[in-house]
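Have a look at query.txt; it's compact mmCIF, C-alpha atoms and all ligand atoms:
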```
# COMPACT_ATOMS: atom_id res chain seq x y z
CA MET U 1 -35.30 -59.97 129.63
CA GLN U 2 -38.69 -61.07 130.97
CA PRO U 3 -38.78 -64.86 130.46
CA LYS U 4 -40.93 -66.06 127.61
CA ILE U 5 -43.15 -69.11 127.85
CA MET U 6 -43.16 -71.46 124.87
CA GLY U 7 -46.19 -73.77 125.01
CA VAL U 8 -45.93 -77.22 123.44
CA VAL U 9 -48.47 -78.24 120.78
CA ASN U 10 -47.75 -81.83 119.79
CA VAL U 11 -49.61 -83.08 116.72
CA THR U 12 -48.34 -86.63 117.12
CA PRO U 13 -49.71 -90.05 118.07
CA ASP U 14 -46.70 -90.89 120.24
CA SER U 15 -45.27 -87.90 122.13
CA PHE U 16 -44.14 -89.00 125.56
CA SER U 17 -46.57 -86.98 127.63
CA ASP U 18 -49.52 -86.08 125.41
CA GLY U 19 -49.23 -88.33 122.34
CA GLY U 20 -52.51 -88.79 120.50
CA LEU U 21 -54.40 -86.12 122.44
CA TYR U 22 -54.21 -83.47 119.70
CA LEU U 23 -53.56 -85.48 116.54
CA ASP U 24 -56.66 -83.99 114.97
CA ALA U 25 -55.88 -80.47 113.64
CA GLU U 26 -58.98 -78.95 115.21
CA ALA U 27 -58.09 -80.34 118.62
CA ALA U 28 -54.49 -79.15 118.29
CA ILE U 29 -55.61 -75.64 117.29
CA ALA U 30 -58.06 -75.49 120.20
CA HIS U 31 -55.30 -76.62 122.54
CA GLY U 32 -52.89 -73.99 121.19
CA LYS U 33 -55.49 -71.25 121.67
CA GLU U 34 -56.02 -72.41 125.23
CA LEU U 35 -52.28 -72.16 125.86
CA VAL U 36 -52.34 -68.59 124.53
CA ARG U 37 -55.20 -67.76 126.93
CA ASP U 38 -53.05 -69.28 129.69
CA GLY U 39 -50.27 -66.83 128.80
CA ALA U 40 -48.00 -68.54 126.25
CA ASP U 41 -45.85 -66.11 124.24
CA ILE U 42 -44.82 -68.72 121.68
CA LEU U 43 -46.49 -71.95 120.49
CA ASP U 44 -44.08 -74.73 119.49
CA VAL U 45 -45.89 -76.96 117.00
CA GLY U 46 -44.38 -80.40 116.40
CA GLY U 47 -45.41 -83.31 114.16
CA GLU U 48 -42.73 -85.84 115.07
CA SER U 49 -41.95 -87.20 118.51
CA THR U 50 -38.33 -87.07 119.64
CA ARG U 51 -38.88 -89.20 122.73
CA PRO U 52 -36.27 -91.92 123.30
CA GLY U 53 -36.87 -94.76 120.86
CA ALA U 54 -39.34 -92.81 118.69
CA GLU U 55 -39.81 -93.93 115.10
CA GLU U 56 -39.07 -91.47 112.32
CA VAL U 57 -41.95 -89.94 110.38
CA SER U 58 -41.86 -89.14 106.65
CA ALA U 59 -41.66 -85.47 105.66
CA GLU U 60 -45.00 -85.75 103.92
CA GLU U 61 -46.73 -87.15 106.98
CA GLU U 62 -45.11 -84.60 109.29
CA ARG U 63 -46.00 -81.71 107.00
CA GLY U 64 -49.60 -82.89 106.76
CA ARG U 65 -49.86 -82.92 110.55
CA VAL U 66 -48.36 -79.51 111.29
CA GLU U 67 -49.31 -77.30 108.33
CA PRO U 68 -53.02 -76.80 109.18
CA VAL U 69 -52.21 -76.35 112.86
CA VAL U 70 -49.58 -73.67 112.20
CA ALA U 71 -52.00 -71.92 109.84
CA GLY U 72 -54.74 -72.06 112.47
CA LEU U 73 -52.54 -70.64 115.21
CA ALA U 74 -50.34 -68.14 113.38
CA GLY U 75 -52.67 -65.21 114.06
CA THR U 76 -52.88 -65.88 117.80
CA ALA U 77 -49.23 -66.06 118.89
CA THR U 78 -45.68 -66.35 117.64
CA VAL U 79 -45.41 -69.88 116.25
CA SER U 80 -42.28 -72.01 116.15
CA ILE U 81 -42.06 -75.24 114.19
CA ASP U 82 -40.36 -78.13 115.98
CA THR U 83 -38.79 -80.02 113.09
CA SER U 84 -35.46 -81.24 111.72
CA LYS U 85 -36.61 -81.31 108.10
CA ALA U 86 -36.20 -78.26 105.84
CA SER U 87 -39.25 -79.13 103.74
CA VAL U 88 -41.47 -79.25 106.85
CA ALA U 89 -39.90 -76.03 108.16
CA GLU U 90 -40.53 -74.32 104.84
CA ALA U 91 -44.19 -75.34 104.76
CA ALA U 92 -44.61 -74.12 108.34
CA LEU U 93 -42.96 -70.77 107.56
CA ASP U 94 -45.28 -70.46 104.56
CA ALA U 95 -48.22 -71.13 106.90
CA GLY U 96 -47.15 -68.38 109.32
CA ALA U 97 -44.50 -69.78 111.68
CA THR U 98 -41.57 -67.43 112.32
CA ILE U 99 -39.14 -69.63 114.27
CA VAL U 100 -37.63 -73.03 113.43
CA ASN U 101 -36.86 -75.19 116.48
CA ASP U 102 -34.36 -77.81 115.29
CA VAL U 103 -33.43 -80.39 117.92
CA THR U 104 -30.57 -81.60 115.71
CA ALA U 105 -29.05 -78.10 115.49
CA LEU U 106 -28.73 -78.31 111.67
CA ARG U 107 -27.09 -81.76 111.67
CA GLY U 108 -30.27 -83.49 110.42
CA ASP U 109 -30.91 -81.23 107.46
CA PRO U 110 -28.38 -78.40 106.97
CA LYS U 111 -30.73 -76.76 104.45
CA ILE U 112 -32.65 -75.37 107.42
CA ALA U 113 -29.92 -72.73 107.84
CA ALA U 114 -30.30 -71.30 104.33
CA LEU U 115 -34.07 -71.37 104.73
CA CYS U 116 -33.95 -69.38 107.98
CA ALA U 117 -31.43 -66.97 106.48
CA GLU U 118 -33.57 -66.37 103.42
CA ARG U 119 -36.81 -65.91 105.39
CA GLY U 120 -35.34 -63.97 108.30
CA ALA U 121 -36.75 -66.66 110.61
CA GLY U 122 -35.63 -67.32 114.17
CA LEU U 123 -33.69 -70.53 114.82
CA VAL U 124 -33.38 -72.63 117.97
CA LEU U 125 -30.25 -74.82 118.07
CA MET U 126 -30.47 -77.65 120.62
CA HIS U 127 -27.83 -80.01 121.96
CA MET U 128 -28.43 -83.74 121.64
CA GLN U 129 -25.93 -86.58 122.02
CA GLY U 130 -26.72 -89.34 119.49
CA ASP U 131 -30.19 -89.50 117.97
CA PRO U 132 -33.62 -90.18 119.50
CA ARG U 133 -33.48 -93.91 118.73
CA THR U 134 -30.26 -94.45 120.65
CA MET U 135 -29.54 -91.37 122.73
CA GLN U 136 -30.41 -92.78 126.14
CA VAL U 137 -28.39 -96.01 125.72
CA ASP U 138 -25.17 -94.84 127.38
CA PRO U 139 -24.59 -91.09 127.27
CA ILE U 140 -21.01 -90.16 128.14
CA TYR U 141 -19.42 -86.73 128.60
CA GLU U 142 -16.05 -85.54 129.81
CA ASP U 143 -17.86 -82.62 131.44
CA ALA U 144 -21.50 -82.29 130.41
CA VAL U 145 -21.64 -78.49 130.67
CA ASP U 146 -18.31 -77.89 128.91
CA ASP U 147 -19.20 -80.36 126.16
CA VAL U 148 -22.65 -78.85 125.60
CA ARG U 149 -21.22 -75.34 125.58
CA ALA U 150 -18.56 -76.28 123.02
CA PHE U 151 -21.16 -77.98 120.84
CA LEU U 152 -23.52 -75.00 120.95
CA ALA U 153 -20.67 -72.58 120.23
CA GLU U 154 -19.71 -74.62 117.16
CA ARG U 155 -23.32 -74.91 115.92
CA LEU U 156 -23.89 -71.18 116.47
CA GLU U 157 -20.83 -70.44 114.38
CA ALA U 158 -22.00 -72.84 111.64
CA ALA U 159 -25.46 -71.23 111.54
CA VAL U 160 -23.99 -67.73 111.31
CA ALA U 161 -21.55 -68.89 108.60
CA ALA U 162 -24.57 -70.21 106.67
CA GLY U 163 -26.13 -66.76 106.75
CA VAL U 164 -28.47 -66.84 109.76
CA GLU U 165 -28.33 -63.58 111.69
CA GLU U 166 -26.83 -64.20 115.11
CA GLU U 167 -29.52 -62.02 116.72
CA ARG U 168 -32.16 -64.50 115.58
CA ILE U 169 -30.56 -67.57 117.15
CA TRP U 170 -31.50 -69.12 120.50
CA LEU U 171 -29.60 -71.98 122.16
CA ASP U 172 -30.86 -74.94 124.21
CA PRO U 173 -28.92 -77.52 126.30
CA GLY U 174 -31.43 -80.24 125.33
CA ILE U 175 -32.50 -81.53 128.71
CA GLY U 176 -33.19 -85.28 128.37
CA PHE U 177 -31.56 -85.67 124.96
CA GLY U 178 -28.70 -88.12 125.42
CA LYS U 179 -28.22 -87.37 129.12
CA THR U 180 -28.37 -89.26 132.39
CA VAL U 181 -30.26 -87.83 135.37
CA ASP U 182 -26.96 -86.47 136.73
CA HIS U 183 -26.09 -84.82 133.41
CA ASN U 184 -29.50 -83.09 133.38
CA LEU U 185 -29.14 -81.92 136.98
CA GLU U 186 -25.65 -80.61 136.38
CA LEU U 187 -26.71 -78.74 133.23
CA LEU U 188 -29.51 -77.03 135.18
CA ARG U 189 -27.28 -76.27 138.17
CA ARG U 190 -24.57 -74.75 135.95
CA LEU U 191 -26.83 -73.34 133.21
CA GLY U 192 -25.37 -69.90 133.88
CA GLU U 193 -22.11 -71.05 132.25
CA LEU U 194 -23.95 -71.22 128.91
CA ARG U 195 -24.68 -67.51 129.15
CA GLU U 196 -21.10 -66.97 127.96
CA LEU U 197 -22.38 -67.92 124.51
CA GLY U 198 -24.19 -64.60 124.43
CA ARG U 199 -27.50 -65.84 123.07
CA PRO U 200 -30.91 -66.36 124.75
CA LEU U 201 -31.28 -69.79 126.35
CA VAL U 202 -34.29 -72.07 125.84
CA VAL U 203 -34.80 -74.76 128.49
CA GLY U 204 -37.29 -77.61 128.30
CA THR U 205 -37.66 -79.76 131.42
CA SER U 206 -41.43 -80.15 131.23
CA ARG U 207 -42.70 -83.58 132.38
CA LYS U 208 -39.42 -85.21 131.35
CA SER U 209 -38.34 -88.59 132.67
CA PHE U 210 -35.47 -87.30 134.83
CA ILE U 211 -38.17 -85.90 137.13
CA GLY U 212 -39.83 -89.30 137.41
CA LYS U 213 -36.47 -90.97 138.00
CA ILE U 214 -35.99 -88.77 141.06
CA ASP U 215 -39.41 -89.07 142.70
CA GLY U 216 -41.04 -92.03 140.95
CA SER U 217 -43.82 -89.90 139.46
CA PRO U 218 -45.62 -91.00 136.29
CA VAL U 219 -45.55 -88.62 133.32
CA GLY U 220 -48.95 -87.07 134.13
CA GLU U 221 -47.88 -86.05 137.63
CA ARG U 222 -44.71 -84.06 137.10
CA ILE U 223 -45.88 -80.45 137.29
CA GLY U 224 -44.11 -79.81 140.59
CA GLY U 225 -40.84 -81.13 139.25
CA SER U 226 -41.30 -79.24 135.99
CA ILE U 227 -41.83 -75.99 137.90
CA ALA U 228 -38.95 -76.55 140.33
CA SER U 229 -36.49 -77.24 137.52
CA SER U 230 -37.82 -74.32 135.45
CA VAL U 231 -37.40 -71.90 138.34
CA ILE U 232 -33.82 -73.05 138.92
CA ALA U 233 -33.20 -72.56 135.19
CA LEU U 234 -34.63 -69.03 135.39
CA ALA U 235 -32.41 -68.20 138.35
CA GLU U 236 -29.45 -69.39 136.27
CA GLY U 237 -30.45 -67.17 133.36
CA ALA U 238 -32.88 -69.10 131.14
CA ASP U 239 -34.83 -66.78 128.83
CA ILE U 240 -37.44 -69.10 127.32
CA LEU U 241 -39.15 -72.03 129.06
CA ARG U 242 -40.60 -74.75 126.81
CA VAL U 243 -43.54 -76.22 128.76
CA HIS U 244 -46.76 -78.21 128.50
CA ASP U 245 -48.42 -76.66 131.56
CA VAL U 246 -48.45 -73.02 130.55
CA ALA U 247 -50.61 -71.41 133.26
CA GLU U 248 -48.48 -72.87 136.05
CA ALA U 249 -45.23 -71.90 134.29
CA VAL U 250 -46.43 -68.32 133.72
CA GLN U 251 -47.21 -67.92 137.42
CA ALA U 252 -43.90 -69.49 138.46
CA ALA U 253 -41.96 -67.29 136.04
CA LYS U 254 -43.69 -64.14 137.33
CA LEU U 255 -42.86 -65.00 140.92
CA ALA U 256 -39.30 -66.03 140.16
CA THR U 257 -38.74 -62.85 138.16
CA ALA U 258 -40.17 -60.67 140.93
CA ILE U 259 -37.97 -62.31 143.54
CA LEU U 260 -34.83 -62.22 141.43
CA ALA U 261 -35.36 -58.62 140.30
CA ASP U 262 -34.08 -57.20 143.57
CA GLY U 263 -31.19 -59.63 143.99
N1 LIG P 1 -37.96 -81.23 124.10
C1 LIG P 1 -38.81 -81.98 123.35
C2 LIG P 1 -39.04 -81.65 122.00
N2 LIG P 1 -38.50 -80.55 121.44
N3 LIG P 1 -37.12 -78.64 121.62
C3 LIG P 1 -36.30 -77.87 122.34
N4 LIG P 1 -35.75 -76.77 121.80
N5 LIG P 1 -35.99 -78.16 123.64
C4 LIG P 1 -36.51 -79.26 124.28
O1 LIG P 1 -36.17 -79.49 125.47
C5 LIG P 1 -37.38 -80.10 123.53
C6 LIG P 1 -37.67 -79.76 122.18
C7 LIG P 1 -39.46 -83.18 123.95
O2 LIG P 1 -40.72 -82.86 124.50
P1 LIG P 1 -42.13 -83.16 123.77
O3 LIG P 1 -42.26 -82.35 122.52
O4 LIG P 1 -43.25 -82.97 124.74
O5 LIG P 1 -42.09 -84.69 123.46
P2 LIG P 1 -41.96 -85.49 122.10
O6 LIG P 1 -40.60 -85.22 121.54
O7 LIG P 1 -42.14 -86.93 122.53
O8 LIG P 1 -43.04 -85.01 121.17
```
Spit out the file's structure as structure tokens when you get a sec.
Ligand code: HH2
Amino acid sequence: MQPKIMGVVNVTPDSFSDGGLYLDAEAAIAHGKELVRDGADILDVGGESTRPGAEEVSAEEERGRVEPVVAGLAGTATVSIDTSKASVAEAALDAGATIVNDVTALRGDPKIAALCAERGAGLVLMHMQGDPRTMQVDPIYEDAVDDVRAFLAERLEAAVAAGVEEERIWLDPGIGFGKTVDHNLELLRRLGELRELGRPLVVGTSRKSFIGKIDGSPVGERIGGSIASSVIALAEGADILRVHDVAEAVQAAKLATAILADG
């Protein structure tokens, strides 16, 4: 499948790379529309940061942030809602979102499964070790790729058992969520092993700190590293790239796809 580009629309004061820039609904909508002009297939709207150490936000606050933005963008692209709360997901689906992106893979609020089943919504299940407050303290795996694959297989089974159609589920290794730099690099290098799960793979490396830990770059100067890691992920079989810098990712994905097509 031609890779899809999922552009990030953060309606938060504290996201790690663009916190506070689009907290106002109008600004977030304008930003989302710009990402669509840049070539985004999907807009991932989020109202709660999941960066390491982030504070939790109440459902009411989160819903208030994302609802108008989803409504403002639903006509322009496929919209996913980045949330772990069923009540926020429900409000976003009511406002026009069609995919729920749950970084807890139904462990935060299992009601998300029934909601997606009932609405026929798509569901992204992501791997995370621990929770955002503690996940980077001391992540340990026997074998990062095997452990992530086993987790995603189990969560996929749980979602299907709860009534979500398997065809609507995407899986994500959760780059940066409870992983050291080496864990992230190994997951990207061996991403192809997750293809055995038989579902499309979402990969989000955009501007993440493992890039800065390798070359010392601050968060605003990680496009090169974001592109390099995204292209490696594509070569290993990623289907959807979750990115902040959409225009650059679209061009990289086109080139990578053209090169790989003949291989
Ligand atoms: N990464 C972030 C948030 N949501 N969802 C999926 N499926 N995969 C990811 O890799 C992923 C995600 C973190 O990035 P960002 O939204 O820019 O930061 P923050 O959580 O600080 O808002």
Practice prompt. Choose the residue, out of U:Met126, U:Ile99, U:Ala40, U:Ile81, that has the smallest atom-to-atom separation from ligand LIG 1 (chain P); count all atoms listed in the file.
Written response: U:Met126
Discussion item. Taking only C-alpha atoms and all ligand atoms into account, which residues have an atom no farther than 9 Å from ligand LIG 1 (chain P)? I'd like them as a VMD selection string.
Written reply: chain U and resid 8 to 19 44 to 52 54 82 to 83 101 to 103 124 to 127 132 170 to 177 202 to 208 241 to 244
Would you put the residues from that selection into a file with C-alpha atoms, as a compact mmCIF listing (two decimals), keeping the file's coordinate frame?
```
# COMPACT_ATOMS: atom_id res chain seq x y z
CA VAL U 8 -45.93 -77.22 123.44
CA VAL U 9 -48.47 -78.24 120.78
CA ASN U 10 -47.75 -81.83 119.79
CA VAL U 11 -49.61 -83.08 116.72
CA THR U 12 -48.34 -86.63 117.12
CA PRO U 13 -49.71 -90.05 118.07
CA ASP U 14 -46.70 -90.89 120.24
CA SER U 15 -45.27 -87.90 122.13
CA PHE U 16 -44.14 -89.00 125.56
CA SER U 17 -46.57 -86.98 127.63
CA ASP U 18 -49.52 -86.08 125.41
CA GLY U 19 -49.23 -88.33 122.34
CA ASP U 44 -44.08 -74.73 119.49
CA VAL U 45 -45.89 -76.96 117.00
CA GLY U 46 -44.38 -80.40 116.40
CA GLY U 47 -45.41 -83.31 114.16
CA GLU U 48 -42.73 -85.84 115.07
CA SER U 49 -41.95 -87.20 118.51
CA THR U 50 -38.33 -87.07 119.64
CA ARG U 51 -38.88 -89.20 122.73
CA PRO U 52 -36.27 -91.92 123.30
CA ALA U 54 -39.34 -92.81 118.69
CA ASP U 82 -40.36 -78.13 115.98
CA THR U 83 -38.79 -80.02 113.09
CA ASN U 101 -36.86 -75.19 116.48
CA ASP U 102 -34.36 -77.81 115.29
CA VAL U 103 -33.43 -80.39 117.92
CA VAL U 124 -33.38 -72.63 117.97
CA LEU U 125 -30.25 -74.82 118.07
CA MET U 126 -30.47 -77.65 120.62
CA HIS U 127 -27.83 -80.01 121.96
CA PRO U 132 -33.62 -90.18 119.50
CA TRP U 170 -31.50 -69.12 120.50
CA LEU U 171 -29.60 -71.98 122.16
CA ASP U 172 -30.86 -74.94 124.21
CA PRO U 173 -28.92 -77.52 126.30
CA GLY U 174 -31.43 -80.24 125.33
CA ILE U 175 -32.50 -81.53 128.71
CA GLY U 176 -33.19 -85.28 128.37
CA PHE U 177 -31.56 -85.67 124.96
CA VAL U 202 -34.29 -72.07 125.84
CA VAL U 203 -34.80 -74.76 128.49
CA GLY U 204 -37.29 -77.61 128.30
CA THR U 205 -37.66 -79.76 131.42
CA SER U 206 -41.43 -80.15 131.23
CA ARG U 207 -42.70 -83.58 132.38
CA LYS U 208 -39.42 -85.21 131.35
CA LEU U 241 -39.15 -72.03 129.06
CA ARG U 242 -40.60 -74.75 126.81
CA VAL U 243 -43.54 -76.22 128.76
CA HIS U 244 -46.76 -78.21 128.50
```
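Note that the spacing between CA of Leu188 in chain U and CA of Ala228 in chain U amounts to 10.8 Å.
The residue set within 12 Å of Ala150 in chain U, counting all atoms listed in the file and dropping same-chain residues fewer than 2 places from it, reads U:His127, U:Tyr141, U:Glu142, U:Asp143, U:Ala144, U:Val145, U:Asp146, U:Asp147, U:Val148, U:Leu152, U:Ala153, U:Glu154, U:Arg155, U:Leu156, U:Glu157, U:Leu171, U:Pro173, U:Glu193, U:Leu194, U:Glu196, U:Leu197.
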Item to complete: Would you kindly return, as number ranges by chain, each protein, DNA or RNA residue with an atom no farther than 10 Å from any atom of Glu67 in chain U, considering only C-alpha atoms and excluding same-chain residues fewer than 6 positions away?
Response: U: 25, 45-47, 81, 88-97
Item to complete: Can you work out the spacing between CA of Ser226 in chain U and CA of Ile211 in chain U in Å, to one decimal?
Response: 7.4 Å
Worksheet entry | Atomic separation - CA of Ile42 in chain U relative to CA of Asp245 in chain U, Å | 13.2 Å
Discussion item. Please determine, counting all atoms listed in the file, which residue among U:Met6, U:Asp215, U:Leu43, U:Ser87 has the shortest atom-to-atom distance to Asp109 in chain U.
Written reply: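 Of the candidates, the smallest distance to Asp109 in chain U is held by U:Ser87.
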Worksheet item: With distances taken over only C-alpha atoms, which of U:Val219, U:Val137, U:Ala252, U:Ala159 is nearest to Lys179 in chain U?
Response: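 Under the stated criterion, the closest residue is U:Val137.
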Missing atoms in range 142-162 of chain U need filling: write out N, CA, C and O atoms for it as an mmCIF file, keeping the file's coordinate frame.
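After the write, selection-v7.cif holds the following:
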```
data_model
loop_
_atom_site.group_PDB
_atom_site.id
_atom_site.type_symbol
_atom_site.label_atom_id
_atom_site.label_comp_id
_atom_site.auth_asym_id
_atom_site.auth_seq_id
_atom_site.Cartn_x
_atom_site.Cartn_y
_atom_site.Cartn_z
ATOM 1 N N GLU U 142 -17.209 -85.843 128.963
ATOM 2 C CA GLU U 142 -16.050 -85.540 129.810
ATOM 3 C C GLU U 142 -16.525 -84.618 130.928
ATOM 4 O O GLU U 142 -16.324 -84.871 132.099
ATOM 5 N N ASP U 143 -17.201 -83.534 130.511
ATOM 6 C CA ASP U 143 -17.860 -82.620 131.440
ATOM 7 C C ASP U 143 -19.094 -82.136 130.688
ATOM 8 O O ASP U 143 -18.979 -81.467 129.650
ATOM 9 N N ALA U 144 -20.269 -82.519 131.181
ATOM 10 C CA ALA U 144 -21.500 -82.290 130.410
ATOM 11 C C ALA U 144 -21.648 -80.818 130.015
ATOM 12 O O ALA U 144 -21.967 -80.505 128.865
ATOM 13 N N VAL U 145 -21.401 -79.909 130.954
ATOM 14 C CA VAL U 145 -21.640 -78.490 130.670
ATOM 15 C C VAL U 145 -20.612 -77.968 129.652
ATOM 16 O O VAL U 145 -20.969 -77.277 128.691
ATOM 17 N N ASP U 146 -19.351 -78.333 129.855
ATOM 18 C CA ASP U 146 -18.310 -77.890 128.910
ATOM 19 C C ASP U 146 -18.578 -78.447 127.508
ATOM 20 O O ASP U 146 -18.421 -77.751 126.502
ATOM 21 N N ASP U 147 -18.962 -79.724 127.457
ATOM 22 C CA ASP U 147 -19.200 -80.360 126.160
ATOM 23 C C ASP U 147 -20.390 -79.731 125.441
ATOM 24 O O ASP U 147 -20.338 -79.472 124.236
ATOM 25 N N VAL U 148 -21.459 -79.470 126.202
ATOM 26 C CA VAL U 148 -22.650 -78.850 125.600
ATOM 27 C C VAL U 148 -22.325 -77.439 125.138
ATOM 28 O O VAL U 148 -22.724 -77.021 124.047
ATOM 29 N N ARG U 149 -21.565 -76.719 125.957
ATOM 30 C CA ARG U 149 -21.220 -75.340 125.580
ATOM 31 C C ARG U 149 -20.378 -75.323 124.302
ATOM 32 O O ARG U 149 -20.608 -74.521 123.393
ATOM 33 N N ALA U 150 -19.412 -76.233 124.214
ATOM 34 C CA ALA U 150 -18.560 -76.280 123.020
ATOM 35 C C ALA U 150 -19.379 -76.644 121.787
ATOM 36 O O ALA U 150 -19.203 -76.066 120.708
ATOM 37 N N PHE U 151 -20.291 -77.585 121.959
ATOM 38 C CA PHE U 151 -21.160 -77.980 120.840
ATOM 39 C C PHE U 151 -22.004 -76.796 120.373
ATOM 40 O O PHE U 151 -22.079 -76.507 119.168
ATOM 41 N N LEU U 152 -22.633 -76.117 121.318
ATOM 42 C CA LEU U 152 -23.520 -75.000 120.950
ATOM 43 C C LEU U 152 -22.726 -73.861 120.319
ATOM 44 O O LEU U 152 -23.198 -73.220 119.371
ATOM 45 N N ALA U 153 -21.519 -73.631 120.808
ATOM 46 C CA ALA U 153 -20.670 -72.580 120.230
ATOM 47 C C ALA U 153 -20.356 -72.913 118.771
ATOM 48 O O ALA U 153 -20.431 -72.063 117.870
ATOM 49 N N GLU U 154 -20.057 -74.183 118.519
ATOM 50 C CA GLU U 154 -19.710 -74.620 117.160
ATOM 51 C C GLU U 154 -20.921 -74.541 116.233
ATOM 52 O O GLU U 154 -20.839 -74.095 115.082
ATOM 53 N N ARG U 155 -22.086 -74.953 116.736
ATOM 54 C CA ARG U 155 -23.320 -74.910 115.920
ATOM 55 C C ARG U 155 -23.756 -73.476 115.639
ATOM 56 O O ARG U 155 -24.263 -73.158 114.569
ATOM 57 N N LEU U 156 -23.556 -72.602 116.638
ATOM 58 C CA LEU U 156 -23.890 -71.180 116.470
ATOM 59 C C LEU U 156 -23.031 -70.596 115.356
ATOM 60 O O LEU U 156 -23.523 -69.905 114.455
ATOM 61 N N GLU U 157 -21.764 -70.926 115.404
ATOM 62 C CA GLU U 157 -20.830 -70.440 114.380
ATOM 63 C C GLU U 157 -21.235 -70.956 112.992
ATOM 64 O O GLU U 157 -21.232 -70.206 112.014
ATOM 65 N N ALA U 158 -21.609 -72.239 112.933
ATOM 66 C CA ALA U 158 -22.000 -72.840 111.640
ATOM 67 C C ALA U 158 -23.252 -72.150 111.098
ATOM 68 O O ALA U 158 -23.353 -71.882 109.897
ATOM 69 N N ALA U 159 -24.218 -71.866 111.985
ATOM 70 C CA ALA U 159 -25.460 -71.230 111.540
ATOM 71 C C ALA U 159 -25.176 -69.823 111.022
ATOM 72 O O ALA U 159 -25.700 -69.412 109.979
ATOM 73 N N VAL U 160 -24.324 -69.104 111.722
ATOM 74 C CA VAL U 160 -23.990 -67.730 111.310
ATOM 75 C C VAL U 160 -23.219 -67.780 109.976
ATOM 76 O O VAL U 160 -23.487 -66.997 109.059
ATOM 77 N N ALA U 161 -22.314 -68.751 109.853
ATOM 78 C CA ALA U 161 -21.550 -68.890 108.600
ATOM 79 C C ALA U 161 -22.484 -69.203 107.428
ATOM 80 O O ALA U 161 -22.208 -68.833 106.284
ATOM 81 N N ALA U 162 -23.607 -69.871 107.734
ATOM 82 C CA ALA U 162 -24.570 -70.210 106.670
ATOM 83 C C ALA U 162 -25.535 -69.066 106.396
ATOM 84 O O ALA U 162 -26.466 -69.215 105.608
#
```
